[in-house]
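**Q** Got a file for you: run_9.cif, mmCIF, C-alpha atoms.
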```cif
data_upload
#
loop_
_atom_site.group_PDB
_atom_site.id
_atom_site.type_symbol
_atom_site.label_atom_id
_atom_site.label_comp_id
_atom_site.auth_asym_id
_atom_site.auth_seq_id
_atom_site.Cartn_x
_atom_site.Cartn_y
_atom_site.Cartn_z
ATOM 1 C CA MET A 1 -105.407 -11.094 131.398
ATOM 2 C CA THR A 2 -105.650 -9.172 134.642
ATOM 3 C CA TRP A 3 -103.408 -6.471 135.994
ATOM 4 C CA GLY A 4 -102.722 -8.726 138.976
ATOM 5 C CA ASN A 5 -101.176 -11.369 136.744
ATOM 6 C CA TRP A 6 -99.157 -8.754 134.877
ATOM 7 C CA THR A 7 -97.583 -7.433 138.076
ATOM 8 C CA THR A 8 -96.982 -10.802 139.805
ATOM 9 C CA VAL A 9 -93.327 -10.818 138.714
ATOM 10 C CA ARG A 10 -91.703 -7.541 139.773
ATOM 11 C CA GLU A 11 -88.112 -8.501 138.985
ATOM 12 C CA PHE A 12 -86.144 -11.114 137.105
ATOM 13 C CA ILE A 13 -83.020 -13.050 137.994
ATOM 14 C CA LEU A 14 -80.376 -13.321 135.280
ATOM 15 C CA VAL A 15 -78.830 -16.777 135.554
ATOM 16 C CA SER A 16 -75.826 -15.521 133.546
ATOM 17 C CA PHE A 17 -72.793 -17.765 134.208
ATOM 18 C CA SER A 18 -73.759 -18.801 137.735
ATOM 19 C CA THR A 19 -73.060 -22.479 137.003
ATOM 20 C CA LEU A 20 -69.348 -21.610 136.939
ATOM 21 C CA SER A 21 -67.206 -21.228 140.055
ATOM 22 C CA TYR A 22 -66.724 -17.750 141.512
ATOM 23 C CA GLU A 23 -63.021 -17.815 140.576
ATOM 24 C CA LEU A 24 -63.849 -18.554 136.942
ATOM 25 C CA GLN A 25 -66.522 -15.866 136.948
ATOM 26 C CA ALA A 26 -63.909 -13.401 138.250
ATOM 27 C CA LEU A 27 -61.619 -14.339 135.353
ATOM 28 C CA LEU A 28 -64.490 -13.858 132.910
ATOM 29 C CA PHE A 29 -65.161 -10.467 134.502
ATOM 30 C CA LEU A 30 -61.579 -9.349 133.828
ATOM 31 C CA LEU A 31 -61.684 -10.687 130.281
ATOM 32 C CA PHE A 32 -65.022 -9.054 129.438
ATOM 33 C CA LEU A 33 -64.013 -5.797 131.146
ATOM 34 C CA ILE A 34 -60.899 -5.582 128.957
ATOM 35 C CA ILE A 35 -62.953 -6.373 125.847
ATOM 36 C CA TYR A 36 -65.536 -3.772 126.882
ATOM 37 C CA LEU A 37 -62.922 -1.039 127.341
ATOM 38 C CA VAL A 38 -61.207 -1.940 124.052
ATOM 39 C CA THR A 39 -64.594 -1.823 122.310
ATOM 40 C CA LEU A 40 -65.432 1.618 123.690
ATOM 41 C CA MET A 41 -61.991 3.064 122.983
ATOM 42 C CA GLY A 42 -61.818 1.539 119.500
ATOM 43 C CA ASN A 43 -65.214 2.802 118.406
ATOM 44 C CA VAL A 44 -64.682 6.235 119.969
ATOM 45 C CA LEU A 45 -61.358 6.423 118.135
ATOM 46 C CA ILE A 46 -63.051 5.550 114.824
ATOM 47 C CA ILE A 47 -65.632 8.309 115.442
ATOM 48 C CA LEU A 48 -62.963 10.890 116.309
ATOM 49 C CA VAL A 49 -60.646 10.026 113.408
ATOM 50 C CA THR A 50 -63.388 9.926 110.752
ATOM 51 C CA THR A 51 -64.720 13.244 112.073
ATOM 52 C CA ALA A 52 -61.412 15.078 112.458
ATOM 53 C CA ASP A 53 -59.552 13.972 109.329
ATOM 54 C CA SER A 54 -60.549 15.727 106.098
ATOM 55 C CA ALA A 55 -59.536 12.712 103.989
ATOM 56 C CA LEU A 56 -62.194 10.533 105.658
ATOM 57 C CA GLN A 57 -65.299 12.522 104.743
ATOM 58 C CA SER A 58 -66.639 10.145 102.093
ATOM 59 C CA PRO A 59 -69.980 8.328 102.516
ATOM 60 C CA MET A 60 -68.205 5.087 103.476
ATOM 61 C CA TYR A 61 -66.678 6.701 106.563
ATOM 62 C CA PHE A 62 -69.887 8.556 107.384
ATOM 63 C CA PHE A 63 -71.653 5.184 107.621
ATOM 64 C CA LEU A 64 -68.713 3.694 109.516
ATOM 65 C CA ARG A 65 -69.069 6.489 112.069
ATOM 66 C CA ASN A 66 -72.750 5.610 112.472
ATOM 67 C CA LEU A 67 -71.831 1.943 112.886
ATOM 68 C CA SER A 68 -69.436 2.847 115.696
ATOM 69 C CA PHE A 69 -72.179 4.803 117.484
ATOM 70 C CA LEU A 70 -74.457 1.759 117.180
ATOM 71 C CA GLU A 71 -71.776 -0.578 118.530
ATOM 72 C CA ILE A 72 -71.189 1.671 121.541
ATOM 73 C CA GLY A 73 -74.920 1.738 122.282
ATOM 74 C CA PHE A 74 -75.212 -2.021 121.793
ATOM 75 C CA ASN A 75 -72.375 -2.604 124.278
ATOM 76 C CA LEU A 76 -73.706 -0.162 126.878
ATOM 77 C CA VAL A 77 -77.048 -1.990 126.897
ATOM 78 C CA ILE A 78 -75.599 -5.465 127.496
ATOM 79 C CA VAL A 79 -72.123 -5.499 129.013
ATOM 80 C CA PRO A 80 -72.310 -3.356 132.218
ATOM 81 C CA LYS A 81 -75.114 -5.486 133.660
ATOM 82 C CA MET A 82 -73.329 -8.678 132.635
ATOM 83 C CA LEU A 83 -70.178 -7.488 134.429
ATOM 84 C CA SER A 84 -72.143 -6.776 137.595
ATOM 85 C CA THR A 85 -73.613 -10.291 137.579
ATOM 86 C CA LEU A 86 -70.101 -11.714 137.366
ATOM 87 C CA ILE A 87 -68.232 -9.709 140.004
ATOM 88 C CA LEU A 88 -70.953 -8.382 142.337
ATOM 89 C CA GLN A 89 -73.167 -11.432 141.999
ATOM 90 C CA ASP A 90 -76.053 -8.942 141.557
ATOM 91 C CA LYS A 91 -78.219 -11.035 139.265
ATOM 92 C CA THR A 92 -81.536 -9.269 139.798
ATOM 93 C CA ILE A 93 -82.979 -6.889 137.242
ATOM 94 C CA SER A 94 -86.239 -5.034 137.667
ATOM 95 C CA PHE A 95 -89.255 -5.650 135.437
ATOM 96 C CA LEU A 96 -88.786 -2.195 133.874
ATOM 97 C CA GLY A 97 -85.017 -2.662 133.648
ATOM 98 C CA CYS A 98 -85.455 -5.945 131.780
ATOM 99 C CA ALA A 99 -87.965 -4.366 129.378
ATOM 100 C CA THR A 100 -85.634 -1.393 128.798
ATOM 101 C CA GLN A 101 -82.643 -3.623 128.113
ATOM 102 C CA MET A 102 -84.635 -5.738 125.675
ATOM 103 C CA TYR A 103 -86.040 -2.651 123.928
ATOM 104 C CA PHE A 104 -82.621 -1.175 123.214
ATOM 105 C CA PHE A 105 -81.183 -4.577 122.304
ATOM 106 C CA PHE A 106 -83.861 -4.879 119.598
ATOM 107 C CA PHE A 107 -83.406 -1.249 118.584
ATOM 108 C CA PHE A 108 -79.633 -1.335 118.122
ATOM 109 C CA GLY A 109 -79.719 -4.829 116.590
ATOM 110 C CA ALA A 110 -82.326 -3.972 113.933
ATOM 111 C CA ALA A 111 -80.648 -0.630 113.183
ATOM 112 C CA GLU A 112 -77.277 -2.347 112.714
ATOM 113 C CA CYS A 113 -78.749 -4.894 110.286
ATOM 114 C CA CYS A 114 -80.173 -2.071 108.178
ATOM 115 C CA LEU A 115 -77.010 0.021 108.392
ATOM 116 C CA LEU A 116 -74.846 -2.900 107.230
ATOM 117 C CA ALA A 117 -77.177 -3.253 104.224
ATOM 118 C CA THR A 118 -76.844 0.494 103.565
ATOM 119 C CA MET A 119 -73.051 0.211 103.689
ATOM 120 C CA ALA A 120 -73.196 -2.643 101.177
ATOM 121 C CA TYR A 121 -75.320 -0.457 98.876
ATOM 122 C CA ASP A 122 -72.740 2.317 99.190
ATOM 123 C CA ARG A 123 -69.963 -0.071 98.088
ATOM 124 C CA TYR A 124 -72.185 -1.366 95.266
ATOM 125 C CA VAL A 125 -72.715 2.120 93.847
ATOM 126 C CA ALA A 126 -69.033 3.051 94.306
ATOM 127 C CA ILE A 127 -67.789 0.039 92.343
ATOM 128 C CA CYS A 128 -70.610 -0.736 89.915
ATOM 129 C CA ASP A 129 -71.671 2.833 89.061
ATOM 130 C CA PRO A 130 -68.673 5.057 89.944
ATOM 131 C CA LEU A 131 -69.560 7.897 87.560
ATOM 132 C CA ARG A 132 -72.898 8.503 89.272
ATOM 133 C CA TYR A 133 -71.600 7.788 92.773
ATOM 134 C CA PRO A 134 -71.255 11.466 93.846
ATOM 135 C CA VAL A 135 -74.837 12.139 92.730
ATOM 136 C CA ILE A 136 -76.464 9.004 94.147
ATOM 137 C CA MET A 137 -74.559 9.101 97.438
ATOM 138 C CA SER A 138 -74.833 12.828 98.041
ATOM 139 C CA ARG A 139 -74.615 14.265 101.546
ATOM 140 C CA LYS A 140 -78.412 14.488 101.708
ATOM 141 C CA SER A 141 -78.892 10.903 100.483
ATOM 142 C CA CYS A 142 -76.373 9.579 103.009
ATOM 143 C CA ALA A 143 -78.105 11.414 105.866
ATOM 144 C CA GLN A 144 -81.483 10.012 104.767
ATOM 145 C CA LEU A 145 -80.145 6.443 104.488
ATOM 146 C CA ALA A 146 -78.478 6.655 107.901
ATOM 147 C CA ALA A 147 -81.633 8.119 109.484
ATOM 148 C CA ALA A 148 -83.758 5.373 107.912
ATOM 149 C CA SER A 149 -81.398 2.720 109.319
ATOM 150 C CA TRP A 150 -81.634 4.190 112.821
ATOM 151 C CA PHE A 151 -85.405 4.630 112.570
ATOM 152 C CA ALA A 152 -85.856 0.990 111.511
ATOM 153 C CA GLY A 153 -84.996 -0.038 115.039
ATOM 154 C CA PHE A 154 -87.982 1.755 116.595
ATOM 155 C CA PRO A 155 -90.932 -0.269 115.216
ATOM 156 C CA VAL A 156 -89.407 -3.683 115.861
ATOM 157 C CA ALA A 157 -88.231 -2.696 119.359
ATOM 158 C CA THR A 158 -91.564 -1.100 120.268
ATOM 159 C CA VAL A 159 -93.773 -3.931 118.985
ATOM 160 C CA GLN A 160 -91.637 -6.796 120.295
ATOM 161 C CA THR A 161 -90.962 -5.367 123.753
ATOM 162 C CA THR A 162 -94.487 -4.058 124.364
ATOM 163 C CA TRP A 163 -96.019 -7.362 123.295
ATOM 164 C CA ILE A 164 -93.692 -9.512 125.425
ATOM 165 C CA PHE A 165 -94.150 -7.473 128.585
ATOM 166 C CA SER A 166 -97.921 -7.296 128.194
ATOM 167 C CA PHE A 167 -98.022 -11.069 128.774
ATOM 168 C CA PRO A 168 -98.675 -12.352 132.325
ATOM 169 C CA PHE A 169 -95.602 -13.463 134.275
ATOM 170 C CA CYS A 170 -97.033 -15.391 137.192
ATOM 171 C CA GLY A 171 -94.460 -18.051 137.993
ATOM 172 C CA PRO A 172 -90.677 -18.516 137.705
ATOM 173 C CA ASN A 173 -88.570 -15.403 137.143
ATOM 174 C CA ARG A 174 -85.134 -16.882 136.357
ATOM 175 C CA VAL A 175 -83.958 -15.769 132.900
ATOM 176 C CA ASN A 176 -81.463 -18.365 131.684
ATOM 177 C CA HIS A 177 -79.201 -15.847 129.947
ATOM 178 C CA PHE A 178 -76.815 -12.989 130.757
ATOM 179 C CA PHE A 179 -79.263 -10.369 129.435
ATOM 180 C CA CYS A 180 -82.977 -10.023 128.733
ATOM 181 C CA ASP A 181 -83.227 -11.585 125.287
ATOM 182 C CA SER A 182 -86.696 -12.502 124.052
ATOM 183 C CA PRO A 183 -86.510 -16.354 123.910
ATOM 184 C CA PRO A 184 -85.518 -16.912 127.576
ATOM 185 C CA VAL A 185 -87.953 -14.218 128.775
ATOM 186 C CA ILE A 186 -90.873 -15.478 126.698
ATOM 187 C CA ALA A 187 -90.237 -18.946 128.173
ATOM 188 C CA LEU A 188 -91.395 -17.537 131.552
ATOM 189 C CA VAL A 189 -94.775 -16.354 130.242
ATOM 190 C CA CYS A 190 -97.803 -18.225 131.558
ATOM 191 C CA ALA A 191 -99.998 -17.720 128.460
ATOM 192 C CA ASP A 192 -100.224 -18.803 124.846
ATOM 193 C CA THR A 193 -97.406 -17.102 122.926
ATOM 194 C CA SER A 194 -97.857 -18.787 119.535
ATOM 195 C CA LEU A 195 -99.111 -15.606 117.809
ATOM 196 C CA PHE A 196 -96.219 -13.599 119.208
ATOM 197 C CA GLU A 197 -93.719 -16.232 118.082
ATOM 198 C CA LEU A 198 -95.139 -16.027 114.556
ATOM 199 C CA GLU A 199 -94.744 -12.238 114.628
ATOM 200 C CA ALA A 200 -91.218 -12.599 116.043
ATOM 201 C CA LEU A 201 -90.269 -14.950 113.201
ATOM 202 C CA THR A 202 -91.667 -12.454 110.680
ATOM 203 C CA ALA A 203 -89.687 -9.614 112.281
ATOM 204 C CA THR A 204 -86.546 -11.750 112.274
ATOM 205 C CA VAL A 205 -86.947 -12.444 108.561
ATOM 206 C CA LEU A 206 -87.572 -8.753 107.810
ATOM 207 C CA PHE A 207 -84.776 -7.284 109.931
ATOM 208 C CA ILE A 208 -82.110 -10.002 109.751
ATOM 209 C CA LEU A 209 -82.661 -12.186 106.694
ATOM 210 C CA PHE A 210 -83.952 -9.524 104.263
ATOM 211 C CA PRO A 211 -81.026 -7.092 104.845
ATOM 212 C CA PHE A 212 -78.664 -10.058 104.597
ATOM 213 C CA LEU A 213 -80.122 -10.978 101.194
ATOM 214 C CA LEU A 214 -79.722 -7.353 100.057
ATOM 215 C CA ILE A 215 -76.085 -7.453 101.148
ATOM 216 C CA LEU A 216 -75.598 -10.787 99.395
ATOM 217 C CA GLY A 217 -77.137 -9.441 96.192
ATOM 218 C CA SER A 218 -74.959 -6.323 96.347
ATOM 219 C CA TYR A 219 -71.780 -8.353 96.722
ATOM 220 C CA VAL A 220 -72.710 -10.711 93.897
ATOM 221 C CA ARG A 221 -72.901 -7.657 91.618
ATOM 222 C CA ILE A 222 -69.754 -6.154 93.150
ATOM 223 C CA LEU A 223 -67.689 -9.317 92.667
ATOM 224 C CA SER A 224 -69.016 -9.698 89.126
ATOM 225 C CA THR A 225 -67.877 -6.142 88.351
ATOM 226 C CA ILE A 226 -64.478 -6.650 90.001
ATOM 227 C CA PHE A 227 -63.755 -9.847 88.053
ATOM 228 C CA ARG A 228 -64.482 -7.997 84.785
ATOM 229 C CA MET A 229 -61.930 -5.279 85.545
ATOM 230 C CA PRO A 230 -58.950 -5.454 83.139
ATOM 231 C CA SER A 231 -56.149 -4.539 85.563
ATOM 232 C CA THR A 232 -54.992 -6.499 88.596
ATOM 233 C CA GLU A 233 -54.324 -3.250 90.443
ATOM 234 C CA GLY A 234 -57.907 -2.080 89.851
ATOM 235 C CA LYS A 235 -59.259 -5.393 91.106
ATOM 236 C CA HIS A 236 -57.120 -5.223 94.239
ATOM 237 C CA LYS A 237 -58.086 -1.617 94.979
ATOM 238 C CA ALA A 238 -61.812 -2.301 94.474
ATOM 239 C CA PHE A 239 -61.769 -5.419 96.624
ATOM 240 C CA SER A 240 -59.769 -3.721 99.385
ATOM 241 C CA THR A 241 -62.534 -1.114 99.810
ATOM 242 C CA CYS A 242 -65.050 -3.919 100.451
ATOM 243 C CA SER A 243 -63.029 -6.470 102.401
ATOM 244 C CA SER A 244 -63.445 -4.839 105.819
ATOM 245 C CA HIS A 245 -67.216 -4.476 105.450
ATOM 246 C CA LEU A 246 -67.524 -8.016 104.090
ATOM 247 C CA LEU A 247 -65.640 -9.411 107.081
ATOM 248 C CA VAL A 248 -67.776 -7.433 109.560
ATOM 249 C CA VAL A 249 -70.969 -8.624 107.841
ATOM 250 C CA SER A 250 -69.762 -12.234 107.915
ATOM 251 C CA LEU A 251 -69.015 -12.065 111.651
ATOM 252 C CA PHE A 252 -72.307 -10.382 112.536
ATOM 253 C CA TYR A 253 -74.683 -12.401 110.390
ATOM 254 C CA SER A 254 -73.091 -15.817 110.878
ATOM 255 C CA THR A 255 -73.714 -15.616 114.628
ATOM 256 C CA ALA A 256 -77.105 -13.863 114.369
ATOM 257 C CA ILE A 257 -78.463 -16.435 111.900
ATOM 258 C CA LEU A 258 -77.007 -19.260 113.975
ATOM 259 C CA MET A 259 -78.799 -17.846 117.032
ATOM 260 C CA TYR A 260 -82.233 -16.963 115.635
ATOM 261 C CA PHE A 261 -82.743 -19.427 112.786
ATOM 262 C CA ARG A 262 -81.676 -22.610 114.535
ATOM 263 C CA PRO A 263 -84.368 -24.957 115.937
ATOM 264 C CA ARG A 264 -84.754 -24.533 119.689
ATOM 265 C CA SER A 265 -84.601 -28.257 120.399
ATOM 266 C CA ASN A 266 -81.103 -28.454 118.918
ATOM 267 C CA THR A 267 -79.608 -25.677 121.032
ATOM 268 C CA SER A 268 -78.776 -25.785 124.741
ATOM 269 C CA PRO A 269 -78.989 -22.603 126.889
ATOM 270 C CA GLU A 270 -75.215 -22.669 127.422
ATOM 271 C CA HIS A 271 -74.580 -22.860 123.686
ATOM 272 C CA LYS A 272 -76.948 -19.918 123.146
ATOM 273 C CA LYS A 273 -74.965 -17.874 125.668
ATOM 274 C CA MET A 274 -71.723 -18.600 123.809
ATOM 275 C CA VAL A 275 -73.249 -17.602 120.461
ATOM 276 C CA SER A 276 -74.761 -14.475 122.031
ATOM 277 C CA LEU A 277 -71.359 -13.487 123.426
ATOM 278 C CA SER A 278 -69.925 -13.514 119.922
ATOM 279 C CA TYR A 279 -72.303 -10.862 118.530
ATOM 280 C CA THR A 280 -72.919 -8.823 121.694
ATOM 281 C CA VAL A 281 -69.352 -8.659 123.034
ATOM 282 C CA ILE A 282 -66.756 -9.974 120.564
ATOM 283 C CA THR A 283 -67.979 -8.557 117.236
ATOM 284 C CA PRO A 284 -68.351 -4.937 118.490
ATOM 285 C CA MET A 285 -64.718 -5.135 119.646
ATOM 286 C CA LEU A 286 -63.485 -6.569 116.349
ATOM 287 C CA ASN A 287 -65.242 -4.053 114.095
ATOM 288 C CA PRO A 288 -62.971 -1.039 114.819
ATOM 289 C CA ILE A 289 -59.924 -3.336 114.751
ATOM 290 C CA ILE A 290 -60.910 -4.704 111.331
ATOM 291 C CA TYR A 291 -61.587 -1.258 109.893
ATOM 292 C CA SER A 292 -58.364 0.221 111.290
ATOM 293 C CA LEU A 293 -55.956 -2.632 110.523
ATOM 294 C CA ARG A 294 -57.329 -3.552 107.089
ATOM 295 C CA ASN A 295 -57.878 -0.005 105.838
ATOM 296 C CA ASN A 296 -54.829 2.007 104.797
ATOM 297 C CA GLU A 297 -56.777 5.283 104.723
ATOM 298 C CA VAL A 298 -57.860 4.858 108.351
ATOM 299 C CA LYS A 299 -54.337 3.889 109.440
ATOM 300 C CA THR A 300 -52.853 6.905 107.645
ATOM 301 C CA ALA A 301 -55.489 9.246 109.093
ATOM 302 C CA LEU A 302 -54.913 7.809 112.553
ATOM 303 C CA ARG A 303 -51.191 8.545 112.274
ATOM 304 C CA ARG A 304 -51.965 12.095 111.134
ATOM 305 C CA VAL A 305 -54.357 12.713 114.037
ATOM 306 C CA ILE A 306 -51.889 11.287 116.566
ATOM 307 C CA GLY A 307 -49.100 13.357 115.000
ATOM 308 C CA ARG A 308 -51.125 16.562 115.220
ATOM 309 C CA THR A 309 -52.033 15.765 118.824
ATOM 310 C CA LEU A 310 -48.456 15.066 119.894
ATOM 311 C CA ASN A 311 -46.901 17.877 117.841
ATOM 312 C CA PRO A 312 -49.397 20.755 117.771
ATOM 313 C CA ARG A 313 -46.662 23.202 116.690
ATOM 314 C CA LYS A 314 -46.510 21.548 113.279
ATOM 315 C CA LEU A 315 -50.095 22.622 112.475
#
```
Any chance you could put this one into structure tokens?

**A**
Amino acid sequence: MTWGNWTTVREFILVSFSTLSYELQALLFLLFLIIYLVTLMGNVLIILVTTADSALQSPMYFFLRNLSFLEIGFNLVIVPKMLSTLILQDKTISFLGCATQMYFFFFFGAAECCLLATMAYDRYVAICDPLRYPVIMSRKSCAQLAAASWFAGFPVATVQTTWIFSFPFCGPNRVNHFFCDSPPVIALVCADTSLFELEALTATVLFILFPFLLILGSYVRILSTIFRMPSTEGKHKAFSTCSSHLLVVSLFYSTAILMYFRPRSNTSPEHKKMVSLSYTVITPMLNPIIYSLRNNEVKTALRRVIGRTLNPRKL
């Protein structure tokens, strides 16, 4: 590979939703802008409430706060550029810009997979080993688990992005997607990518399927423990602490597995865009809604914070 080949393509064109009429793209812009703003406000609100309210200082809310930071980062990487392609018709993205977007997409995606597994472990310890919960999930342990989840995004993002953009791009530069995801970008490479695709499959198994199996194993044990509880009230209380996380996991992994474990020949580019929208745009918006509407502690804390803000004299 020569440096000349590597620098032949200096920018990419994001096809995005250009097959639709401009009027329909304008409607999509308004819809996605509203979703984007709701996502940012919802996750910022979760961060502020779980930080400000003394009743929400348990490990579960510490990890939820980290999840909200990840969702904000995930959205900032994808949505602003997508909005510009819809309303400004600015579909070009520089070579470095594409690599940067892909890097942080991998980083936040892998970190979120690991953090969701960490949150499942937290619920497992809380329900299956409650007496040792304060010791196992100490402040130090929680900080280490959160840091490990964030750090997990670095190796996969670094290896995947560096490898992809070291390939020669010496022909078409139209990325048939609304962001620089690896499959549509790797389709533009004019070299043998079979070794990379094997590595990408391995990384997908490690950072999507393996955490999912850990979550699945945790919830098998959790449900087994809940069903053995003698009181209906205890069962309801235990399940209510897990229901929000279980719903978030179901939304995230159902779309991610559908996207990355489905044979290419069976999936059209337009279908891939729809699936990608669900986990890059829709799910980050739903997460704070799920955790606020289905969690009485969050709703109560939110009312307290709003009350203190509106009536500071009562403090």

**Q** Rank nothing, just name the residue among A:Leu213, A:Leu14, A:Ile78, A:Cys128 nearest to Met229 in chain A, using only C-alpha atoms.

**A**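 Of all the options, A:Cys128 lies closest to Met229 in chain A.
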
**Q** So that I can see what lies close to range 104-120 of chain A, please list as a VMD selection string the residues with an atom at most 8 Å from it, counting only C-alpha atoms and leaving out residues fewer than 5 positions away in the same chain.

**A** chain A and resid 60 63 67 70 to 71 73 to 74 77 to 78 145 to 146 149 to 154 156 to 157 181 207 to 208 211 to 212 214 to 215 218 to 219 245 249

**Q** Return the single residue from A:Pro183, A:Ile136, A:Ile46, A:Leu209 that is closest to Ser292 in chain A, with distances computed using all atoms listed in the file.

**A** A:Ile46

**Q** Find the residues around Val9 in chain A up to 7 Å (only C-alpha atoms counted), leave out those fewer than 4 positions away in its own chain, and share them as a list in words.

**A**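 Residues near the query, excluding close chain neighbours: Phe169, Cys170 and Asn173 of chain A.
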
**Q** Env of Val15 in chain A: 12 Å cut, atoms = only C-alpha atoms, seq-sep filter 5 positions within chain, self excluded. Answer as a ChimeraX atom specification.

**A** /A:20,82,85-86,89-93,173-180,184-185,269-270,273

**Q** Using CA of Ile289 in chain A and CA of Asn66 in chain A as the two end points, give the distance in Å to one decimal.

**A**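 So the two atoms, CA of Ile289 in chain A and CA of Asn66 in chain A, lie 15.8 Å apart.
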
**Q** Selection in question (the file shown): the PyMOL selection byres ((chain A and resi 244) around 10). Which residues does it include, as a list in words?

**A**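 Answer for the PyMOL selection byres ((chain A and resi 244) around 10): Phe239, Ser240, Thr241, Cys242, Ser243, His245, Leu246, Leu247, Val248, Val249, Ser250, Asn287, Pro288, Ile289, Ile290, Tyr291, Ser292, Leu293, Arg294 and Asn295 of chain A.
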
**Q** Expressed in Å to a single decimal, how great is the separation between CA of Gln160 in chain A and CA of Leu96 in chain A?

**A** 14.6 Å

**Q** Given all atoms listed in the file as the basis, pick out the residue of A:Phe12, A:Tyr124, A:Phe62, A:Tyr103 nearest to Ile226 in chain A.

**A**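 Closest to Ile226 in chain A, using all atoms listed in the file: A:Tyr124.
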
**Q** Between CA of Ile72 in chain A and CA of Leu40 in chain A, what distance in Å does the model show, to one decimal?

**A** 6.1 Å

**Q** Run through the PyMOL selection byres ((chain A and resi 204) around 10) on the given coordinates and return the selected residues as a list of chain:residue names.

**A**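 That expression, the PyMOL selection byres ((chain A and resi 204) around 10), corresponds here to A:Ala110, A:Val156, A:Leu198, A:Glu199, A:Ala200, A:Leu201, A:Thr202, A:Ala203, A:Val205, A:Leu206, A:Phe207, A:Ile208, A:Leu209, A:Phe210, A:Ala256, A:Ile257, A:Tyr260, A:Phe261.
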
**Q** Given the PyMOL selection byres ((chain A and resi 57) around 12) and the file above, list the residues it selects as a list in words.

**A**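 Output from the PyMOL selection byres ((chain A and resi 57) around 12), applied to this file: Ile47, Leu48, Val49, Thr50, Thr51, Ala52, Asp53, Ser54, Ala55, Leu56, Ser58, Pro59, Met60, Tyr61, Phe62, Phe63, Leu64, Arg65, Ser138, Arg139, Cys142, Glu297, Val298 and Ala301 of chain A.
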
**Q** With distances taken over only C-alpha atoms, which of A:Ala143, A:Phe95, A:Ile87, A:Val79 is nearest to Ser166 in chain A?

**A** A:Phe95

**Q** Do you know which residues are at most 8 Å from range 29-35 of chain A counting only C-alpha atoms, after dropping those on the same chain fewer than 2 positions away, and could you put them as a compact mmCIF listing (two decimals) with C-alpha atoms, in the frame of the given file?

**A**
```txt
# COMPACT_ATOMS: atom_id res chain seq x y z
CA GLN A 25 -66.52 -15.87 136.95
CA ALA A 26 -63.91 -13.40 138.25
CA LEU A 27 -61.62 -14.34 135.35
CA LEU A 37 -62.92 -1.04 127.34
CA VAL A 38 -61.21 -1.94 124.05
CA THR A 39 -64.59 -1.82 122.31
CA VAL A 79 -72.12 -5.50 129.01
CA LEU A 83 -70.18 -7.49 134.43
CA LEU A 86 -70.10 -11.71 137.37
CA ILE A 87 -68.23 -9.71 140.00
CA VAL A 281 -69.35 -8.66 123.03
CA ILE A 282 -66.76 -9.97 120.56
CA MET A 285 -64.72 -5.14 119.65
```

**Q** Select, from A:Pro230, A:Tyr253, A:Leu286, A:Arg304, the residue with the minimum atom-to-atom distance to Leu216 in chain A, counting only C-alpha atoms.

**A**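 For Leu216 in chain A, the nearest of the given residues is A:Tyr253.
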
**Q** Edge lengths and centre, in Å to one decimal, as AutoDock Vina command-line options: that's what I need for the box along x, y and z that holds all listed atoms of range 67-84 of chain A plus 8 Å on each side.

**A**
```
--center_x -73.2 --center_y -1.9 --center_z 125.2 --size_x 23.6 --size_y 29.5 --size_z 40.7
```
